[in-house]
$ cat final-v7.csv   # CSV, C-alpha atoms
chain,number,residue,atom,x,y,z
A,1,MET,CA,-18.2,-19.8,-10.1
A,2,ILE,CA,-17.5,-17.2,-12.8
A,3,ALA,CA,-18.6,-18.0,-16.3
A,4,THR,CA,-16.5,-17.8,-19.5
A,5,LEU,CA,-17.3,-15.6,-22.5
A,6,PRO,CA,-16.1,-16.0,-26.1
A,7,LYS,CA,-13.6,-13.5,-27.3
A,8,THR,CA,-15.4,-10.5,-28.8
A,9,THR,CA,-14.5,-7.2,-30.4
A,10,THR,CA,-15.5,-3.9,-28.7
A,11,SER,CA,-16.7,-2.5,-32.1
A,12,SER,CA,-19.4,-5.0,-32.7
A,13,PHE,CA,-23.0,-3.9,-32.6
A,14,LYS,CA,-23.9,-6.7,-30.2
A,15,ASN,CA,-21.3,-5.5,-27.6
A,16,VAL,CA,-22.4,-1.9,-28.0
A,17,SER,CA,-26.0,-3.0,-27.4
A,18,ARG,CA,-24.9,-5.0,-24.4
A,19,ALA,CA,-22.9,-2.1,-23.0
A,20,PHE,CA,-25.9,0.2,-23.3
A,21,THR,CA,-28.2,-2.3,-21.6
A,22,ALA,CA,-25.6,-2.6,-18.8
A,23,PHE,CA,-25.5,1.2,-18.4
A,24,LYS,CA,-29.2,1.4,-18.1
A,25,ARG,CA,-29.2,-1.2,-15.4
A,26,SER,CA,-26.2,0.1,-13.6
A,27,PRO,CA,-26.3,2.0,-10.3
A,28,SER,CA,-25.1,5.2,-12.1
A,29,SER,CA,-28.7,6.1,-12.9
A,30,ALA,CA,-29.9,5.2,-9.4
A,31,MET,CA,-31.7,7.9,-7.3
A,32,SER,CA,-30.0,8.9,-4.1
A,33,THR,CA,-32.8,7.2,-2.1
A,34,LYS,CA,-31.5,3.9,-3.5
A,35,LEU,CA,-27.9,4.5,-2.4
A,36,SER,CA,-26.9,4.1,1.2
A,37,LEU,CA,-23.9,3.0,3.3
A,38,GLU,CA,-25.5,-0.5,3.1
A,39,SER,CA,-25.9,-0.5,-0.7
A,40,LYS,CA,-24.3,-3.5,-2.5
A,41,LEU,CA,-23.6,-4.4,-6.1
A,42,LYS,CA,-24.4,-7.9,-7.3
A,43,LEU,CA,-21.4,-9.4,-9.1
A,44,ARG,CA,-21.5,-11.7,-12.1
A,45,ASP,CA,-20.8,-14.7,-9.9
A,46,GLY,CA,-23.8,-14.0,-7.7
A,47,HIS,CA,-21.9,-12.6,-4.7
A,48,GLU,CA,-22.6,-9.0,-3.5
A,49,ILE,CA,-20.0,-6.3,-2.8
A,50,PRO,CA,-20.6,-3.2,-0.7
A,51,ARG,CA,-20.6,-0.1,-2.9
A,52,LEU,CA,-18.5,1.9,-0.5
A,53,GLY,CA,-15.3,0.3,0.8
A,54,PHE,CA,-12.3,1.4,2.8
A,55,GLY,CA,-8.8,1.3,1.3
A,56,THR,CA,-5.7,0.6,3.4
A,57,TYR,CA,-2.8,1.5,1.0
A,58,GLU,CA,0.1,3.1,2.8
A,59,LEU,CA,-1.4,2.3,6.2
A,60,ASP,CA,1.1,0.3,8.3
A,61,ASP,CA,1.1,-1.6,11.6
A,62,GLN,CA,-1.1,0.1,14.3
A,63,ASP,CA,-2.2,2.8,11.9
A,64,ALA,CA,-3.7,0.2,9.7
A,65,TYR,CA,-5.4,-1.5,12.7
A,66,ASN,CA,-6.8,1.8,14.0
A,67,ALA,CA,-8.1,3.0,10.6
A,68,VAL,CA,-9.9,-0.2,9.9
A,69,MET,CA,-11.5,-0.2,13.3
A,70,TRP,CA,-12.7,3.4,12.8
A,71,ALA,CA,-14.0,2.5,9.4
A,72,LEU,CA,-16.0,-0.5,10.7
A,73,GLU,CA,-17.3,1.5,13.6
A,74,SER,CA,-18.5,4.1,11.1
A,75,GLY,CA,-20.5,1.6,9.1
A,76,TYR,CA,-18.1,0.4,6.4
A,77,ARG,CA,-18.5,-3.3,5.6
A,78,HIS,CA,-15.9,-3.5,2.9
A,79,ILE,CA,-12.1,-3.5,3.6
A,80,ASP,CA,-9.4,-3.5,0.9
A,81,SER,CA,-5.9,-4.8,1.6
A,82,ALA,CA,-3.1,-6.4,-0.4
A,83,GLU,CA,0.0,-8.5,0.2
A,84,TRP,CA,2.0,-5.5,-1.2
A,85,TYR,CA,0.6,-3.2,1.6
A,86,GLU,CA,2.2,-5.5,4.2
A,87,ASN,CA,-0.8,-4.9,6.5
A,88,GLU,CA,-2.9,-8.1,6.0
A,89,LYS,CA,-2.3,-9.2,9.6
A,90,GLU,CA,-3.3,-5.9,11.1
A,91,VAL,CA,-6.3,-5.5,8.8
A,92,GLY,CA,-7.5,-9.0,9.6
A,93,SER,CA,-7.0,-8.5,13.4
A,94,ALA,CA,-9.1,-5.3,13.3
A,95,ILE,CA,-11.9,-7.1,11.4
A,96,LEU,CA,-11.8,-10.1,13.9
A,97,ASP,CA,-11.7,-7.8,16.9
A,98,TYR,CA,-14.5,-5.6,15.7
A,99,CYS,CA,-16.7,-8.6,14.8
A,100,LYS,CA,-16.1,-10.1,18.3
A,101,GLY,CA,-16.9,-6.8,20.0
A,102,ALA,CA,-20.0,-6.1,18.0
A,103,SER,CA,-21.2,-9.7,18.0
A,104,LEU,CA,-21.2,-9.8,14.2
A,105,PRO,CA,-20.3,-12.8,12.1
A,106,ARG,CA,-17.2,-12.5,10.0
A,107,SER,CA,-19.4,-12.9,6.9
A,108,GLU,CA,-20.7,-9.4,7.5
A,109,ILE,CA,-17.4,-7.9,6.4
A,110,PHE,CA,-16.3,-8.0,2.8
A,111,TYR,CA,-12.5,-8.5,2.7
A,112,THR,CA,-10.3,-8.0,-0.4
A,113,THR,CA,-6.6,-8.7,-0.8
A,114,LYS,CA,-4.3,-9.1,-3.8
A,115,LEU,CA,-1.5,-11.1,-5.4
A,116,LYS,CA,1.8,-9.2,-5.1
A,117,ILE,CA,3.9,-10.8,-7.8
A,118,ASN,CA,2.8,-12.7,-10.9
A,119,GLY,CA,5.2,-15.6,-10.3
A,120,GLY,CA,3.3,-18.5,-11.9
A,121,TYR,CA,0.8,-21.1,-10.9
A,122,GLU,CA,2.4,-22.7,-7.8
A,123,HIS,CA,3.7,-19.3,-6.6
A,124,THR,CA,0.2,-17.9,-6.7
A,125,LYS,CA,-1.4,-20.7,-4.7
A,126,LYS,CA,1.3,-20.3,-2.0
A,127,ALA,CA,0.7,-16.5,-2.0
A,128,ILE,CA,-3.0,-17.1,-1.5
A,129,GLN,CA,-2.3,-19.3,1.5
A,130,ARG,CA,0.1,-16.7,2.9
A,131,SER,CA,-2.6,-14.1,2.7
A,132,LEU,CA,-5.1,-16.5,4.4
A,133,ASP,CA,-2.7,-17.2,7.2
A,134,ALA,CA,-1.9,-13.5,7.7
A,135,CYS,CA,-5.5,-12.3,7.9
A,136,ARG,CA,-6.9,-15.3,9.7
A,137,LEU,CA,-10.4,-14.6,8.3
A,138,GLY,CA,-10.9,-18.2,7.0
A,139,TYR,CA,-11.6,-17.1,3.4
A,140,ILE,CA,-11.1,-14.1,1.1
A,141,ASP,CA,-14.2,-12.4,-0.3
A,142,LEU,CA,-12.3,-10.9,-3.3
A,143,TYR,CA,-8.8,-11.8,-4.5
A,144,LEU,CA,-7.2,-9.8,-7.2
A,145,ILE,CA,-4.1,-10.0,-9.4
A,146,HIS,CA,-2.6,-6.7,-8.3
A,147,GLY,CA,-1.2,-5.8,-11.7
A,148,PRO,CA,-0.4,-7.1,-15.2
A,149,LEU,CA,3.4,-7.1,-14.9
A,150,GLY,CA,5.3,-10.3,-15.8
A,151,GLY,CA,4.0,-11.0,-19.2
A,152,ALA,CA,1.0,-12.8,-20.8
A,153,GLN,CA,1.9,-16.3,-19.7
A,154,ALA,CA,2.5,-15.4,-16.1
A,155,ARG,CA,-0.8,-13.6,-16.0
A,156,LYS,CA,-2.6,-16.6,-17.4
A,157,ASP,CA,-0.9,-19.0,-15.0
A,158,CYS,CA,-1.7,-16.9,-12.0
A,159,TRP,CA,-5.3,-16.5,-13.1
A,160,ARG,CA,-5.6,-20.3,-13.5
A,161,ALA,CA,-4.3,-20.8,-10.0
A,162,ILE,CA,-6.7,-18.2,-8.5
A,163,CYS,CA,-9.7,-19.8,-10.3
A,164,ASP,CA,-8.7,-23.2,-9.0
A,165,VAL,CA,-8.4,-22.0,-5.4
A,166,GLN,CA,-11.8,-20.4,-5.9
A,167,LYS,CA,-13.3,-23.8,-6.6
A,168,ASP,CA,-12.2,-24.9,-3.1
A,169,GLY,CA,-14.2,-22.0,-1.5
A,170,LEU,CA,-11.2,-20.2,0.0
A,171,ILE,CA,-11.8,-17.3,-2.5
A,172,ARG,CA,-15.4,-16.2,-3.1
A,173,SER,CA,-14.8,-13.8,-6.0
A,174,ALA,CA,-11.8,-13.2,-8.2
A,175,GLY,CA,-10.7,-10.3,-10.3
A,176,ILE,CA,-7.9,-8.1,-11.5
A,177,SER,CA,-6.4,-4.6,-10.9
A,178,THR,CA,-4.9,-2.0,-13.3
A,179,PHE,CA,-5.2,-4.2,-16.4
A,180,GLY,CA,-5.4,-2.8,-19.9
A,181,ILE,CA,-8.0,-4.1,-22.3
A,182,ARG,CA,-5.4,-6.3,-24.1
A,183,HIS,CA,-4.4,-7.9,-20.8
A,184,ILE,CA,-8.1,-8.9,-20.1
A,185,GLN,CA,-8.6,-10.1,-23.7
A,186,ASP,CA,-5.6,-12.4,-23.3
A,187,LEU,CA,-7.4,-14.1,-20.4
A,188,ILE,CA,-10.7,-14.4,-22.1
A,189,GLY,CA,-9.1,-15.5,-25.4
A,190,GLU,CA,-7.6,-18.5,-23.6
A,191,GLY,CA,-11.1,-19.6,-22.5
A,192,LEU,CA,-10.4,-18.7,-18.9
A,193,PRO,CA,-13.1,-17.3,-16.6
A,194,VAL,CA,-13.9,-13.7,-17.0
A,195,PRO,CA,-12.7,-11.6,-14.1
A,196,THR,CA,-15.6,-10.5,-11.8
A,197,VAL,CA,-14.0,-7.2,-10.7
A,198,HIS,CA,-11.5,-4.7,-12.1
A,199,GLN,CA,-10.0,-2.4,-9.6
A,200,ILE,CA,-8.3,0.6,-11.2
A,201,ASP,CA,-7.5,4.3,-10.9
A,202,LEU,CA,-10.8,6.0,-11.7
A,203,HIS,CA,-12.0,9.5,-11.1
A,204,PRO,CA,-13.2,12.6,-13.1
A,205,PHE,CA,-9.6,13.4,-14.1
A,206,GLN,CA,-8.8,9.8,-15.2
A,207,ALA,CA,-12.0,8.5,-16.9
A,208,ARG,CA,-10.5,5.6,-18.8
A,209,GLN,CA,-13.6,5.5,-21.1
A,210,GLU,CA,-12.3,2.6,-23.2
A,211,ILE,CA,-11.6,0.3,-20.3
A,212,VAL,CA,-14.9,1.3,-18.6
A,213,THR,CA,-16.8,0.5,-21.7
A,214,PHE,CA,-15.0,-2.8,-22.2
A,215,CYS,CA,-15.7,-3.9,-18.6
A,216,LYS,CA,-19.4,-3.0,-18.9
A,217,GLU,CA,-19.6,-5.0,-22.1
A,218,HIS,CA,-18.3,-8.1,-20.2
A,219,ASP,CA,-20.2,-7.5,-17.0
A,220,ILE,CA,-17.0,-6.8,-15.0
A,221,ALA,CA,-17.7,-4.6,-12.0
A,222,LEU,CA,-15.4,-1.6,-11.6
A,223,GLU,CA,-13.7,-0.5,-8.4
A,224,ALA,CA,-12.1,3.0,-8.1
A,225,TRP,CA,-9.0,2.8,-6.0
A,226,ALA,CA,-8.3,6.5,-6.0
A,227,PRO,CA,-11.7,8.1,-6.1
A,228,LEU,CA,-10.4,11.1,-4.1
A,229,VAL,CA,-7.6,11.7,-6.7
A,230,ARG,CA,-5.3,11.6,-3.7
A,231,GLY,CA,-6.4,15.1,-2.9
A,232,LEU,CA,-4.7,16.5,-6.0
A,233,ARG,CA,-7.8,18.2,-7.4
A,234,PHE,CA,-9.7,19.2,-4.3
A,235,ASN,CA,-9.2,22.9,-5.3
A,236,HIS,CA,-10.3,22.5,-8.9
A,237,PRO,CA,-13.0,25.1,-9.7
A,238,SER,CA,-15.6,22.5,-10.8
A,239,ILE,CA,-15.2,20.5,-7.6
A,240,GLN,CA,-15.2,23.6,-5.4
A,241,ALA,CA,-18.4,24.8,-7.1
A,242,LEU,CA,-20.2,21.6,-6.5
A,243,ALA,CA,-19.0,21.4,-2.9
A,244,LYS,CA,-20.3,24.9,-2.3
A,245,LYS,CA,-23.7,24.1,-4.0
A,246,TYR,CA,-24.4,21.0,-1.9
A,247,GLY,CA,-22.6,22.1,1.3
A,248,LYS,CA,-20.2,19.2,1.0
A,249,GLU,CA,-16.5,18.7,1.1
A,250,PRO,CA,-14.6,18.1,-2.2
A,251,ALA,CA,-13.9,14.5,-1.2
A,252,GLN,CA,-17.6,13.9,-0.7
A,253,VAL,CA,-18.4,15.3,-4.1
A,254,LEU,CA,-15.8,13.0,-5.7
A,255,LEU,CA,-17.2,9.9,-3.9
A,256,ARG,CA,-20.7,10.7,-4.9
A,257,TYR,CA,-19.6,11.0,-8.5
A,258,SER,CA,-17.9,7.5,-8.2
A,259,LEU,CA,-21.0,5.9,-6.8
A,260,GLN,CA,-23.4,7.5,-9.4
A,261,LYS,CA,-21.1,6.3,-12.1
A,262,GLY,CA,-21.7,2.8,-10.9
A,263,TYR,CA,-18.3,2.2,-9.4
A,264,VAL,CA,-17.4,0.6,-6.1
A,265,ALA,CA,-15.4,3.4,-4.4
A,266,LEU,CA,-12.4,2.8,-2.1
A,267,PRO,CA,-11.4,5.9,-0.3
A,268,LYS,CA,-8.7,5.7,2.3
A,269,SER,CA,-7.5,7.9,5.2
A,270,SER,CA,-5.5,7.7,8.4
A,271,SER,CA,-7.7,10.4,9.9
A,272,LYS,CA,-10.7,9.3,12.0
A,273,LYS,CA,-12.5,12.5,11.1
A,274,ARG,CA,-12.1,11.9,7.4
A,275,VAL,CA,-12.9,8.2,7.6
A,276,VAL,CA,-16.3,9.2,9.1
A,277,SER,CA,-16.9,12.2,6.8
A,278,ASN,CA,-16.4,10.1,3.7
A,279,THR,CA,-19.6,8.2,4.6
A,280,ASP,CA,-21.7,11.4,4.6
A,281,ILE,CA,-22.5,11.2,0.9
A,282,PHE,CA,-26.0,9.7,0.8
A,283,ASP,CA,-28.1,12.9,1.4
A,284,PHE,CA,-27.5,14.6,-2.0
A,285,GLU,CA,-27.3,13.6,-5.6
A,286,LEU,CA,-25.4,15.1,-8.6
A,287,THR,CA,-27.5,15.9,-11.6
A,288,GLY,CA,-27.0,14.2,-15.0
A,289,ASP,CA,-25.5,17.4,-16.4
A,290,GLU,CA,-23.1,17.6,-13.4
A,291,LEU,CA,-21.9,14.1,-14.0
A,292,ILE,CA,-21.3,14.9,-17.7
A,293,GLY,CA,-19.5,18.0,-16.6
A,294,LEU,CA,-17.2,16.1,-14.3
A,295,ASP,CA,-16.6,13.5,-17.1
A,296,GLY,CA,-15.3,16.4,-19.2
A,297,LEU,CA,-12.5,17.0,-16.7
A,298,ASP,CA,-10.6,14.0,-17.9
A,299,GLU,CA,-6.9,14.7,-18.3
A,300,GLY,CA,-5.5,11.3,-18.0
A,301,LEU,CA,-4.1,12.1,-14.5
A,302,VAL,CA,-2.2,9.1,-13.0
A,303,THR,CA,-2.2,9.3,-9.2
A,304,ASP,CA,0.1,6.4,-8.5
A,305,TRP,CA,1.0,3.9,-11.2
A,306,ASP,CA,-0.4,2.9,-14.5
A,307,PRO,CA,0.8,-0.4,-16.0
A,308,THR,CA,-2.2,-0.7,-18.4
A,309,THR,CA,0.1,-0.6,-21.4
A,310,CYS,CA,2.8,-2.9,-20.2
A,311,PRO,CA,3.7,-6.0,-22.3
$ encode --input "final-v7.csv" --output "structure tokens"
Amino acid sequence: MIATLPKTTTSSFKNVSRAFTAFKRSPSSAMSTKLSLESKLKLRDGHEIPRLGFGTYELDDQDAYNAVMWALESGYRHIDSAEWYENEKEVGSAILDYCKGASLPRSEIFYTTKLKINGGYEHTKKAIQRSLDACRLGYIDLYLIHGPLGGAQARKDCWRAICDVQKDGLIRSAGISTFGIRHIQDLIGEGLPVPTVHQIDLHPFQARQEIVTFCKEHDIALEAWAPLVRGLRFNHPSIQALAKKYGKEPAQVLLRYSLQKGYVALPKSSSKKRVVSNTDIFDFELTGDELIGLDGLDEGLVTDWDPTTCP
């Protein structure tokens, strides 16, 4: 079960010290030999999450099924879905079929899905059951509030429901997505469990330094849901230069950056070739100076939506 923390301020010396310690221990400083397709990150609740996942946003019906099968066949062991994506059934079917064909237990695959609407306590419990019925996987490895919309009370009620269902074992880990710092503080300030994971738009062109620092201070793992910047900056001179230096594709450079920053990366693609090529990121390592240089590309670029400042 996830523990609670007292409300703190990000400016305190204690929190800065804690953040620095977390940075030193984070995978961002890990050598390439310590990162592989099998690498996992231990969460604050004791569970482990694969460092490289496969996202299924905008993948529908058979396309979702096929892409997940390609991902699993390529070695991914972390699949990200959501009620909002309307593909939980197809994603779950692909996982079950792959596990059956490969003689793997379902527990080998880390499955994430998310709450679509922050409609209150009872609504959330029903939504979780709908997701369980749709995927047919027996339990959910990670369940997230998909966004902070709906107001403070709705967020708190939904989070209480998720944490209560977690006690029954139907959810292993619980977290949030696209929350601003104030939204997270509202939960912590109520004495509610600290989210285990925060999934948000993270890449060199959207660094979100304040949110990243806050999450590190509170031992909240960060997932990057658009690590490839949706292809919008593949031709950026800095990305192109690194791709040429290492003999890699721009997407592979961006994924390597995400992993070395300590994030869980969630690339997605409907192309089998790209699904496979996105795993070819463990035979090179960006230097410290190169990471700093990529950090300097931050322009606050939003690739999809950004409700981090909503009421």
$ closest_residue --input "final-v7.csv" --among "A:Gly231, A:Trp70, A:Pro195, A:Gln260" --to "Lys273 of chain A" --atoms "all atoms listed in the file"
A:Trp70
$ closest_residue --input "final-v7.csv" --among "A:Lys156, A:Arg230, A:Arg51, A:Lys40" --to "Ser269 of chain A" --atoms "only C-alpha atoms"
A:Arg230
$ residues_around --input "final-v7.csv" --residues "Gly296 of chain A" --least-positions-apart "5" --cutoff "12 Å" --atoms "only C-alpha atoms" --output "list in words"
His203, Pro204, Phe205, Gln206, Ala207, Arg208, Gln209, Ser238, Asp289, Glu290 and Leu291 of chain A
$ atom_distance --input "final-v7.csv" --atom1 "atom CA of Leu266 of chain A" --atom2 "atom CA of Ala127 of chain A"
23.3 Å
$ residues_around --input "final-v7.csv" --residues "Ile220 of chain A" --least-positions-apart "3" --cutoff "6 Å" --atoms "only C-alpha atoms" --output "ChimeraX atom specification"
/A:196-197,215-216
$ write_last_selection --input "final-v7.csv" --atoms "C-alpha atoms" --output "PDB file, in the frame of the given file"
ATOM      1  CA  THR A 196     -15.600 -10.500 -11.800  1.00  0.00           C
ATOM      2  CA  VAL A 197     -14.000  -7.200 -10.700  1.00  0.00           C
ATOM      3  CA  CYS A 215     -15.700  -3.900 -18.600  1.00  0.00           C
ATOM      4  CA  LYS A 216     -19.400  -3.000 -18.900  1.00  0.00           C
TER       5      LYS A 216
END
$ residues_around --input "final-v7.csv" --residues "Glu90 of chain A" --least-positions-apart "5" --cutoff "8 Å" --atoms "only C-alpha atoms" --output "list in words"
Asp61, Gln62, Ala64, Tyr65 and Cys135 of chain A
$ write_last_selection --input "final-v7.csv" --atoms "C-alpha atoms" --output "mmCIF file, in the frame of the given file"
data_model
loop_
_atom_site.group_PDB
_atom_site.id
_atom_site.type_symbol
_atom_site.label_atom_id
_atom_site.label_comp_id
_atom_site.auth_asym_id
_atom_site.auth_seq_id
_atom_site.Cartn_x
_atom_site.Cartn_y
_atom_site.Cartn_z
ATOM 1 C CA ASP A 61 1.100 -1.600 11.600
ATOM 2 C CA GLN A 62 -1.100 0.100 14.300
ATOM 3 C CA ALA A 64 -3.700 0.200 9.700
ATOM 4 C CA TYR A 65 -5.400 -1.500 12.700
ATOM 5 C CA CYS A 135 -5.500 -12.300 7.900
#
$ atom_distance --input "final-v7.csv" --atom1 "atom CA of Glu210 of chain A" --atom2 "atom CA of Leu228 of chain A"
21.0 Å
$ closest_residue --input "final-v7.csv" --among "A:Lys268, A:Ala102, A:Trp305, A:Leu37" --to "Ile79 of chain A" --atoms "all atoms listed in the file"
A:Lys268
$ closest_residue --input "final-v7.csv" --among "A:Ile162, A:Leu255, A:Ile145, A:Leu115" --to "Pro267 of chain A" --atoms "all atoms listed in the file"
A:Leu255
$ atom_distance --input "final-v7.csv" --atom1 "atom CA of Tyr139 of chain A" --atom2 "atom CA of Thr113 of chain A"
10.6 Å
$ closest_residue --input "final-v7.csv" --among "A:Asp306, A:Leu222, A:Thr124, A:Gly247" --to "Phe284 of chain A" --atoms "all atoms listed in the file"
A:Gly247
$ closest_residue --input "final-v7.csv" --among "A:Leu242, A:Leu192, A:Val264, A:Ala154" --to "Glu223 of chain A" --atoms "all atoms listed in the file"
A:Val264
$ closest_atom_pairs --input "final-v7.csv" --of "segment 69-152 of chain A" --to "segment 165-186 of chain A" --cutoff "9 Å" --atoms "only C-alpha atoms" --output "CSV"
residue,atom,partner,partner_atom,distance
A:Lys114,CA,A:Ile176,CA,8.6
A:Lys125,CA,A:Val165,CA,7.2
A:Ile128,CA,A:Val165,CA,8.3
A:Leu132,CA,A:Leu170,CA,8.4
A:Gly138,CA,A:Leu170,CA,7.3
A:Tyr139,CA,A:Leu170,CA,4.6
A:Ile140,CA,A:Ile171,CA,4.9
A:Asp141,CA,A:Arg172,CA,4.9
A:Leu142,CA,A:Ser173,CA,4.7
A:Tyr143,CA,A:Ala174,CA,5.0
A:Leu144,CA,A:Ile176,CA,4.7
A:Ile145,CA,A:Ile176,CA,4.7
A:His146,CA,A:Ser177,CA,5.1
A:Gly147,CA,A:Ser177,CA,5.4
A:Pro148,CA,A:Phe179,CA,5.7
A:Ala152,CA,A:Asp186,CA,7.1
$ write_last_selection --input "final-v7.csv" --atoms "C-alpha atoms" --output "mmCIF file, in the coordinates of the input"
data_model
loop_
_atom_site.group_PDB
_atom_site.id
_atom_site.type_symbol
_atom_site.label_atom_id
_atom_site.label_comp_id
_atom_site.auth_asym_id
_atom_site.auth_seq_id
_atom_site.Cartn_x
_atom_site.Cartn_y
_atom_site.Cartn_z
ATOM 1 C CA LYS A 114 -4.300 -9.100 -3.800
ATOM 2 C CA LYS A 125 -1.400 -20.700 -4.700
ATOM 3 C CA ILE A 128 -3.000 -17.100 -1.500
ATOM 4 C CA LEU A 132 -5.100 -16.500 4.400
ATOM 5 C CA GLY A 138 -10.900 -18.200 7.000
ATOM 6 C CA TYR A 139 -11.600 -17.100 3.400
ATOM 7 C CA ILE A 140 -11.100 -14.100 1.100
ATOM 8 C CA ASP A 141 -14.200 -12.400 -0.300
ATOM 9 C CA LEU A 142 -12.300 -10.900 -3.300
ATOM 10 C CA TYR A 143 -8.800 -11.800 -4.500
ATOM 11 C CA LEU A 144 -7.200 -9.800 -7.200
ATOM 12 C CA ILE A 145 -4.100 -10.000 -9.400
ATOM 13 C CA HIS A 146 -2.600 -6.700 -8.300
ATOM 14 C CA GLY A 147 -1.200 -5.800 -11.700
ATOM 15 C CA PRO A 148 -0.400 -7.100 -15.200
ATOM 16 C CA ALA A 152 1.000 -12.800 -20.800
#
$ residues_around --input "final-v7.csv" --residues "Leu149 of chain A" --least-positions-apart "2" --cutoff "8 Å" --atoms "all atoms listed in the file" --output "PyMOL selection string"
chain A and resi 118+147+151+155+307+310-311
